[in-house]
Amino acid sequence: MKSLVSILDGNTFVVSDRSGDIDPSPDFPTGFFSYDTRFLSTWQLTLDGERLHPLSVDDVQYFESRYFLVPGEPTHYLDAKVSVIRHRIIGGSFDEQVAVLNHSGEPTELTVRMEMGSDFADLFEIKNPQRKKGRTCAVVGENHLLLRYERQNFRREVNITTSEPGAIDEHGMTFQITIPPHGEWSTRLHLKTNVLGAGGRDFRDSLRMERSRSKEELERELGQWLSQAPRLGCDCEPLGSAYRRSLVDLAALRYTSITFATQLVTAGLPWFMTLFGRDSMFTCLQALPFLPQMVPPTLRTLAGIQGTRVDDFRDEEPGKILHELRYGESAGFEEQPHSPYFGSADSTPLFVILIDEYERWSGDTDLVRALEWQARAALDWIDSYGDLLGTGYIWYETRNPVNGLENQCWKDSPDAISYADGRLPDFPRATCELQGYAYDAKIRGARLARLFWNDPAYADRLEREAAELKERFNRDFWIPDGEYYAVALDADGSQVDTLSSNIGHLLWSGIVPPDRAAKVAAHLTGPRLFSGWGVRTLATDAGRYNPLGYHVGTVWPFDNSIIAWGLWRYGFRDEAGMICKAMIDAARFFNGRLPEAFAGYDRSRTTYPVQYPTACSPQAWSAGTPLLLLRVLLGLEPHGEHLIINPAVPEGMGRIEMLDIPGRWGRVDALGRSRPQREVETEP
Amino acid sequence: MTGDTAEFFNSVPARAPLLLRMPISGTLQIDLVDGHETEHWYLTFAPGRAMVSRDEQAADAILTLPTQLFREFVTGCSRPNAAVLRNDATFGGDVRLFLALRRFFPTGPGVRDPREVAREKVAARRRTASAPPDRGTGTGNHPEGQERTG
């Protein structure tokens, strides 16, 4: 695969090759995308009919890139008489300046051509290529080319204008130019997308959403975002660069939701540039100590679109929190269920958990009170529709046999949940971490009910139910021989006996009794699960283990951050530190940007973490990972109006200093330091 | 206007105490288009309350759609979010009012409680698994198993 360059602004993004060109690609997401539609699938620059070759690419900012190009193959390289600089900015719209430079002492005549086209593919059609059902047409204007797609009332347009005059046809623009000696010619191409709604206007205008922003506005926004975050000073350079990278990537992944015209975080480039319930809430949980402003819009949006009825196509039930929201053609025409789709069994308890965690940090009681009704509906879901079999657990089974998700937990690939011998269990399934989340949601819901909803009876009930769930869970999921928790129960209530990383989430939820926690911690840091670069999703002796399997052997940074948080909760600071250190070591190999997943090979076999082939990057909850690791290393925990700081920094990491941590206490600083290396001191 | 639609609007105020328990306020104008005729309805929402009116007034949001499509919403046969995404219904203004309205639309006809379906399926599979060999029908995963009741 050619190496690709991506720039993005929330759910608007461009993926091109290293010359800045976009070649038609029916099954890979190259192109210019916005709100799940590909608005450009062809964008090829030629000089006298020849494609150009990159000398270098400069990703100036996440929303800006520059390409330095010359005609001719680099292998036949002679001093170039002409070079081209493409400067591209994405800020809701897409702008590209094409500059052609004449380096000779003679005037140069050239034909500059930009080939342009759009297949208006829906992102889901790129995953599974199929013929478009609507019609595409091109309208040629004096200085613009309009490309339009129509299917019944559904209409998408992209209007491409040029600042310099040229010959415009249905497939692009041609410029016959003469450049004086040592001179330059340039044109600015501006692309405006239209998603037509009420009265033929763009729906974003109807909802008073901000549209395109200038480079200056984008830079100002990024500067503000970064200045609001606490400042990190540390001896460990990879940690410092991972922190900065995370802050910038989370800024890049923000987009303006149609639903509330507020800013939400998309899940990951290029496949998941939209709102996911689970991903956005985990990202908020990871980022809360540093970027608390991400939380209220996420909670409000998820509450606003909470399930209201039973809908089999969308796996919707009353009280359920959504899984995935899409804006494209396939969602509109119900060829895909994402309008929104509710196929996740964890987003509903996570919603209650995030409300509580947010209040503990921010003291924002208004939001907790405003969301009372939706939080209660979520808690009700756990014991009603969530408990499909009436056995006191959250179960899942899709009711959409065509395009529903089989596994409705974070490990949602079809082979993710298996017995140790590799067989796949029947549905419905009850994975262990779902029960942990349900337990935590009840405990936290009880706190909210007692302190903010003025309903102590409800609080008592939730606490009683949580205690019963904990007892039941520890009876039914614990595997005495292996001394760990089964990854799931199958439809018969029997244990799905694989050893998996899911048990780490149980520590985070607090459903593990103290006398079993040490066993769980030992498994997480033992050779079957711990690769040296992190905790694998599945143990090496499992039937389906594959170090390159998406959820069956790879290491997920997000998963590891939650596991480290869980280990911290039970006081396993050394084990938590070991995971934090492994992750930060890995981040160094990705320039501070942890990918979605990397291979589960043992660290002793590979001297670097091998990237999973189609991992999304940047990915929101991978970007959130260094933030949560910092929380764990510094031992940050709100307690009443104060922030507890109890650092445990692994050997060799030196000093970690976090200044201006925001919260109900105003702003406070935290300082941690590695313990002295005693071994060194005792050496002769 | 048909019975379904009138009945729906009439039922809104009585259902509001149960369905509108979150902070909300504002007026949603619903324009139902039937050929050249357009009917205007105004729903004013507040926490636990909803008022329905046909009298022209200022609105914070407007939902415009064919009368027939609205009928499909109120009977649960069609879903408003998807209709807006494919531009069969258009919307402008404060989205919270649209999402509040959505809460009043019912589950579609013939949709069963998923718990009932799952429990029947598991019970049927257990029966098949424990049935004597001469009566056993092979796979317990047969999709028709969902349709049979015990």
# chains A, B, ... in the order shown; residues from 1 in each chain; ligands from 1
call {"tool": "closest_atom_pairs", "arguments": {"of": "chain A", "to": "chain B", "cutoff": "8 Å", "atoms": "only C-alpha atoms", "output": "Markdown table"}}
result
| residue | atom | partner | partner_atom | distance |
| --- | --- | --- | --- | --- |
| A:Asn153 | CA | B:Asn87 | CA | 5.4 |
| A:Phe154 | CA | B:Arg86 | CA | 5.0 |
| A:Arg155 | CA | B:Asn87 | CA | 8.0 |
| A:Leu196 | CA | B:Asn87 | CA | 7.6 |
| A:Gly197 | CA | B:Thr90 | CA | 5.7 |
| A:Ala198 | CA | B:Thr90 | CA | 4.7 |
| A:Phe203 | CA | B:Gly92 | CA | 7.4 |
| A:Ser206 | CA | B:Gly92 | CA | 4.7 |
| A:Leu207 | CA | B:Gly93 | CA | 5.2 |
| A:Arg208 | CA | B:Gly93 | CA | 7.4 |
| A:Thr259 | CA | B:Val95 | CA | 6.1 |
| A:Phe260 | CA | B:Val95 | CA | 6.2 |
| A:Gly304 | CA | B:Leu99 | CA | 6.4 |
| A:Ile305 | CA | B:Leu99 | CA | 6.8 |
| A:Thr308 | CA | B:Arg103 | CA | 5.8 |
| A:Arg309 | CA | B:Thr107 | CA | 5.2 |
| A:Val310 | CA | B:Thr107 | CA | 5.6 |
| A:Asp311 | CA | B:Thr107 | CA | 6.7 |
| A:Asp312 | CA | B:Val111 | CA | 7.5 |
| A:Tyr327 | CA | B:Leu85 | CA | 6.3 |
| A:Gly328 | CA | B:Leu85 | CA | 7.0 |
| A:Glu329 | CA | B:Arg86 | CA | 6.6 |
| A:Ala331 | CA | B:Ala82 | CA | 6.3 |
| A:Gly332 | CA | B:Ala82 | CA | 4.4 |
| A:Phe333 | CA | B:Arg86 | CA | 6.2 |
| A:Glu334 | CA | B:Ala82 | CA | 6.8 |
| A:Ser339 | CA | B:Ala82 | CA | 5.6 |
| A:Pro340 | CA | B:Asn81 | CA | 7.9 |
| A:Ala370 | CA | B:Pro23 | CA | 6.2 |
| A:Leu371 | CA | B:Met22 | CA | 6.9 |
| A:Glu372 | CA | B:Met22 | CA | 7.7 |
| A:Trp373 | CA | B:Met22 | CA | 6.3 |
| A:Gln374 | CA | B:Met22 | CA | 7.7 |
| A:Tyr385 | CA | B:Arg115 | CA | 6.5 |
| A:Asp387 | CA | B:Arg115 | CA | 7.7 |
| A:Leu388 | CA | B:Arg115 | CA | 4.7 |
| A:Leu389 | CA | B:Arg119 | CA | 5.6 |
| A:Gly390 | CA | B:Arg115 | CA | 7.9 |
| A:Arg399 | CA | B:Pro114 | CA | 7.9 |
| A:Pro428 | CA | B:Ala118 | CA | 7.4 |
| A:Ala491 | CA | B:Val122 | CA | 6.8 |
| A:Asp492 | CA | B:Val122 | CA | 7.6 |
call {"tool": "write_last_selection", "arguments": {"atoms": "C-alpha atoms", "output": "PDB file, in the first residue's frame"}}
result
ATOM      1  CA  ASN A 153     -34.656  13.794  -1.919  1.00  0.00           C
ATOM      2  CA  PHE A 154     -31.130  13.004  -0.784  1.00  0.00           C
ATOM      3  CA  ARG A 155     -28.595  15.411  -2.265  1.00  0.00           C
ATOM      4  CA  LEU A 196     -28.926  19.677   1.393  1.00  0.00           C
ATOM      5  CA  GLY A 197     -31.734  19.871   3.899  1.00  0.00           C
ATOM      6  CA  ALA A 198     -34.615  22.229   4.632  1.00  0.00           C
ATOM      7  CA  PHE A 203     -28.548  21.381   6.976  1.00  0.00           C
ATOM      8  CA  SER A 206     -30.380  25.339   9.221  1.00  0.00           C
ATOM      9  CA  LEU A 207     -29.032  24.170  12.567  1.00  0.00           C
ATOM     10  CA  ARG A 208     -26.856  27.272  12.953  1.00  0.00           C
ATOM     11  CA  THR A 259     -27.508  16.780  16.892  1.00  0.00           C
ATOM     12  CA  PHE A 260     -26.577  19.494  19.309  1.00  0.00           C
ATOM     13  CA  GLY A 304     -30.658  13.290  24.017  1.00  0.00           C
ATOM     14  CA  ILE A 305     -30.515  10.315  21.673  1.00  0.00           C
ATOM     15  CA  THR A 308     -37.020   5.252  23.469  1.00  0.00           C
ATOM     16  CA  ARG A 309     -38.577   2.094  22.053  1.00  0.00           C
ATOM     17  CA  VAL A 310     -37.909  -1.408  20.826  1.00  0.00           C
ATOM     18  CA  ASP A 311     -36.477  -1.472  17.308  1.00  0.00           C
ATOM     19  CA  ASP A 312     -34.966  -4.746  16.107  1.00  0.00           C
ATOM     20  CA  TYR A 327     -25.005  10.770   8.856  1.00  0.00           C
ATOM     21  CA  GLY A 328     -24.622   9.208   5.421  1.00  0.00           C
ATOM     22  CA  GLU A 329     -26.796   7.810   2.671  1.00  0.00           C
ATOM     23  CA  ALA A 331     -28.083   5.377   7.380  1.00  0.00           C
ATOM     24  CA  GLY A 332     -30.767   7.582   5.771  1.00  0.00           C
ATOM     25  CA  PHE A 333     -32.071   4.863   3.469  1.00  0.00           C
ATOM     26  CA  GLU A 334     -31.856   2.294   6.257  1.00  0.00           C
ATOM     27  CA  SER A 339     -29.423   6.327  12.629  1.00  0.00           C
ATOM     28  CA  PRO A 340     -28.340   5.658  15.398  1.00  0.00           C
ATOM     29  CA  ALA A 370     -30.377  17.710  34.539  1.00  0.00           C
ATOM     30  CA  LEU A 371     -29.526  14.143  33.527  1.00  0.00           C
ATOM     31  CA  GLU A 372     -31.312  12.443  36.415  1.00  0.00           C
ATOM     32  CA  TRP A 373     -34.124  11.052  34.340  1.00  0.00           C
ATOM     33  CA  GLN A 374     -31.885   9.682  31.599  1.00  0.00           C
ATOM     34  CA  TYR A 385     -33.877  -5.108  28.647  1.00  0.00           C
ATOM     35  CA  ASP A 387     -30.961  -8.749  31.401  1.00  0.00           C
ATOM     36  CA  LEU A 388     -32.202 -10.640  28.346  1.00  0.00           C
ATOM     37  CA  LEU A 389     -32.438 -13.997  30.113  1.00  0.00           C
ATOM     38  CA  GLY A 390     -33.662 -12.782  33.490  1.00  0.00           C
ATOM     39  CA  ARG A 399     -31.857  -8.775  16.563  1.00  0.00           C
ATOM     40  CA  PRO A 428     -26.966 -14.565  24.032  1.00  0.00           C
ATOM     41  CA  ALA A 491     -26.545 -19.011  26.793  1.00  0.00           C
ATOM     42  CA  ASP A 492     -26.737 -22.009  29.146  1.00  0.00           C
TER      43      ASP A 492
END
call {"tool": "residues_around", "arguments": {"residues": "Thr5 in chain B", "least_positions_apart": "5", "cutoff": "9 Å", "atoms": "only C-alpha atoms", "output": "MDAnalysis selection string"}}
result
chainID B and resid 10 67 70:71 74:75
call {"tool": "write_last_selection", "arguments": {"atoms": "N, CA and C atoms", "output": "PDB file, in the first residue's frame"}}
result
ATOM      1  N   ASN B  10     -53.587  14.708  20.023  1.00  0.00           N
ATOM      2  CA  ASN B  10     -54.441  14.783  21.206  1.00  0.00           C
ATOM      3  C   ASN B  10     -53.811  14.100  22.416  1.00  0.00           C
ATOM      4  N   THR B  67     -47.542  14.600   5.057  1.00  0.00           N
ATOM      5  CA  THR B  67     -48.504  14.098   6.034  1.00  0.00           C
ATOM      6  C   THR B  67     -48.399  12.578   6.179  1.00  0.00           C
ATOM      7  N   PHE B  70     -45.516  11.504   8.338  1.00  0.00           N
ATOM      8  CA  PHE B  70     -45.782  11.748   9.760  1.00  0.00           C
ATOM      9  C   PHE B  70     -46.677  10.644  10.329  1.00  0.00           C
ATOM     10  N   ARG B  71     -47.641  10.217   9.518  1.00  0.00           N
ATOM     11  CA  ARG B  71     -48.527   9.120   9.923  1.00  0.00           C
ATOM     12  C   ARG B  71     -47.691   7.861  10.219  1.00  0.00           C
ATOM     13  N   VAL B  74     -46.099   8.244  13.629  1.00  0.00           N
ATOM     14  CA  VAL B  74     -46.980   8.088  14.796  1.00  0.00           C
ATOM     15  C   VAL B  74     -47.477   6.650  14.952  1.00  0.00           C
ATOM     16  N   THR B  75     -47.333   5.835  13.928  1.00  0.00           N
ATOM     17  CA  THR B  75     -47.686   4.421  14.071  1.00  0.00           C
ATOM     18  C   THR B  75     -46.443   3.556  14.265  1.00  0.00           C
TER      19      THR B  75
END
call {"tool": "select_by_dssp", "arguments": {"residues": "range 285-478 of chain A", "states": "strand (DSSP E or B)", "output": "PyMOL selection string"}}
result
chain A and resi 311+316+324-325+341+396+429-431+478
call {"tool": "write_last_selection", "arguments": {"atoms": "N, CA and C atoms", "output": "mmCIF file, in the first residue's frame"}}
result
data_model
loop_
_atom_site.group_PDB
_atom_site.id
_atom_site.type_symbol
_atom_site.label_atom_id
_atom_site.label_comp_id
_atom_site.auth_asym_id
_atom_site.auth_seq_id
_atom_site.Cartn_x
_atom_site.Cartn_y
_atom_site.Cartn_z
ATOM 1 N N ASP A 311 -36.657 -1.510 18.756
ATOM 2 C CA ASP A 311 -36.477 -1.472 17.308
ATOM 3 C C ASP A 311 -35.435 -2.545 16.980
ATOM 4 N N GLU A 316 -32.384 -1.317 19.304
ATOM 5 C CA GLU A 316 -32.737 -0.256 20.260
ATOM 6 C C GLU A 316 -33.711 -0.770 21.312
ATOM 7 N N GLU A 324 -23.433 3.794 17.800
ATOM 8 C CA GLU A 324 -22.785 4.478 16.675
ATOM 9 C C GLU A 324 -23.812 5.314 15.932
ATOM 10 N N LEU A 325 -23.420 6.548 15.629
ATOM 11 C CA LEU A 325 -24.314 7.459 14.916
ATOM 12 C C LEU A 325 -23.644 7.873 13.610
ATOM 13 N N TYR A 341 -27.415 3.457 15.723
ATOM 14 C CA TYR A 341 -27.429 2.032 16.043
ATOM 15 C C TYR A 341 -27.138 1.871 17.536
ATOM 16 N N TYR A 396 -26.193 -10.003 25.681
ATOM 17 C CA TYR A 396 -26.449 -9.375 24.380
ATOM 18 C C TYR A 396 -26.662 -10.421 23.307
ATOM 19 N N ARG A 429 -24.872 -13.897 24.972
ATOM 20 C CA ARG A 429 -23.651 -14.014 25.758
ATOM 21 C C ARG A 429 -23.622 -12.921 26.825
ATOM 22 N N ALA A 430 -22.977 -13.247 27.922
ATOM 23 C CA ALA A 430 -22.809 -12.248 28.992
ATOM 24 C C ALA A 430 -21.317 -12.159 29.272
ATOM 25 N N THR A 431 -20.635 -11.157 28.727
ATOM 26 C CA THR A 431 -19.194 -11.057 28.985
ATOM 27 C C THR A 431 -18.968 -10.477 30.385
ATOM 28 N N TRP A 478 -16.150 -17.079 38.381
ATOM 29 C CA TRP A 478 -14.812 -17.434 38.866
ATOM 30 C C TRP A 478 -14.484 -18.880 38.484
#
call {"tool": "select_by_dssp", "arguments": {"residues": "range 368-529 of chain A", "states": "helix (DSSP H, G or I)", "output": "PyMOL selection string"}}
result
chain A and resi 368-370+372-383+432-451+456-476+502-509+514-524
call {"tool": "residues_around", "arguments": {"residues": "Val33 in chain B", "least_positions_apart": "2", "cutoff": "7 Å", "atoms": "only C-alpha atoms", "output": "compact mmCIF listing (two decimals) with N, CA and C atoms, in the first residue's frame"}}
result
# COMPACT_ATOMS: atom_id res chain seq x y z
N ASP B 31 -44.91 21.21 10.19
CA ASP B 31 -45.65 21.50 8.96
C ASP B 31 -45.89 20.19 8.22
N GLY B 35 -49.72 17.57 -0.86
CA GLY B 35 -49.89 18.27 -2.12
C GLY B 35 -49.60 19.74 -1.92
N GLU B 37 -51.43 21.64 0.09
CA GLU B 37 -51.93 22.04 1.40
C GLU B 37 -50.86 21.83 2.47
N THR B 38 -50.73 22.77 3.38
CA THR B 38 -49.83 22.57 4.52
C THR B 38 -50.59 22.85 5.81
N GLU B 39 -50.54 21.89 6.70
CA GLU B 39 -51.16 22.06 8.03
C GLU B 39 -50.09 22.42 9.02
N LEU B 65 -42.61 17.91 6.71
CA LEU B 65 -42.62 16.57 6.11
C LEU B 65 -43.99 16.28 5.52
N PRO B 66 -44.05 15.29 4.62
CA PRO B 66 -45.34 14.91 4.07
C PRO B 66 -46.24 14.32 5.16
N THR B 67 -47.54 14.60 5.06
CA THR B 67 -48.50 14.10 6.03
C THR B 67 -48.40 12.58 6.18
call {"tool": "residues_around", "arguments": {"residues": "Pro456 in chain A", "least_positions_apart": "6", "cutoff": "8 Å", "atoms": "only C-alpha atoms", "output": "ChimeraX atom specification"}}
result
/A:446,449-450
call {"tool": "write_last_selection", "arguments": {"atoms": "N, CA and C atoms", "output": "CSV table (one decimal), in the first residue's frame"}}
result
chain,number,residue,atom,x,y,z
A,446,ALA,N,-26.1,4.9,43.1
A,446,ALA,CA,-26.6,5.1,44.4
A,446,ALA,C,-26.0,6.4,45.0
A,449,ALA,N,-28.0,9.2,43.5
A,449,ALA,CA,-29.4,9.2,44.1
A,449,ALA,C,-29.4,9.8,45.5
A,450,ARG,N,-28.4,9.5,46.3
A,450,ARG,CA,-28.4,10.0,47.7
A,450,ARG,C,-28.0,11.4,47.7
call {"tool": "residues_around", "arguments": {"residues": "Gln130 in chain A", "least_positions_apart": "6", "cutoff": "10 Å", "atoms": "only C-alpha atoms", "output": "PyMOL selection string"}}
result
chain A and resi 26-27+121+124
call {"tool": "atom_distance", "arguments": {"atom1": "CA of Asp380 in chain A", "atom2": "CA of Gly363 in chain A"}}
result
24.9 Å
call {"tool": "residues_around", "arguments": {"residues": "Thr537 in chain A", "least_positions_apart": "4", "cutoff": "6 Å", "atoms": "only C-alpha atoms", "output": "NGL selection string"}}
result
:A and (500-501 or 551-555)
call {"tool": "closest_residue", "arguments": {"among": "B:Ala129, B:Ala58, B:Met51, B:Leu69", "to": "Ser11 in chain B", "atoms": "only C-alpha atoms"}}
result
B:Met51
call {"tool": "closest_residue", "arguments": {"among": "A:Cys284, A:Leu275, A:Val158, A:Leu8", "to": "Gly92 in chain A", "atoms": "only C-alpha atoms"}}
result
A:Leu8
call {"tool": "atom_distance", "arguments": {"atom1": "CA of Glu217 in chain A", "atom2": "CA of Asp9 in chain A"}}
result
12.2 Å
call {"tool": "atom_distance", "arguments": {"atom1": "CA of Pro401 in chain A", "atom2": "CA of Pro337 in chain A"}}
result
11.3 Å
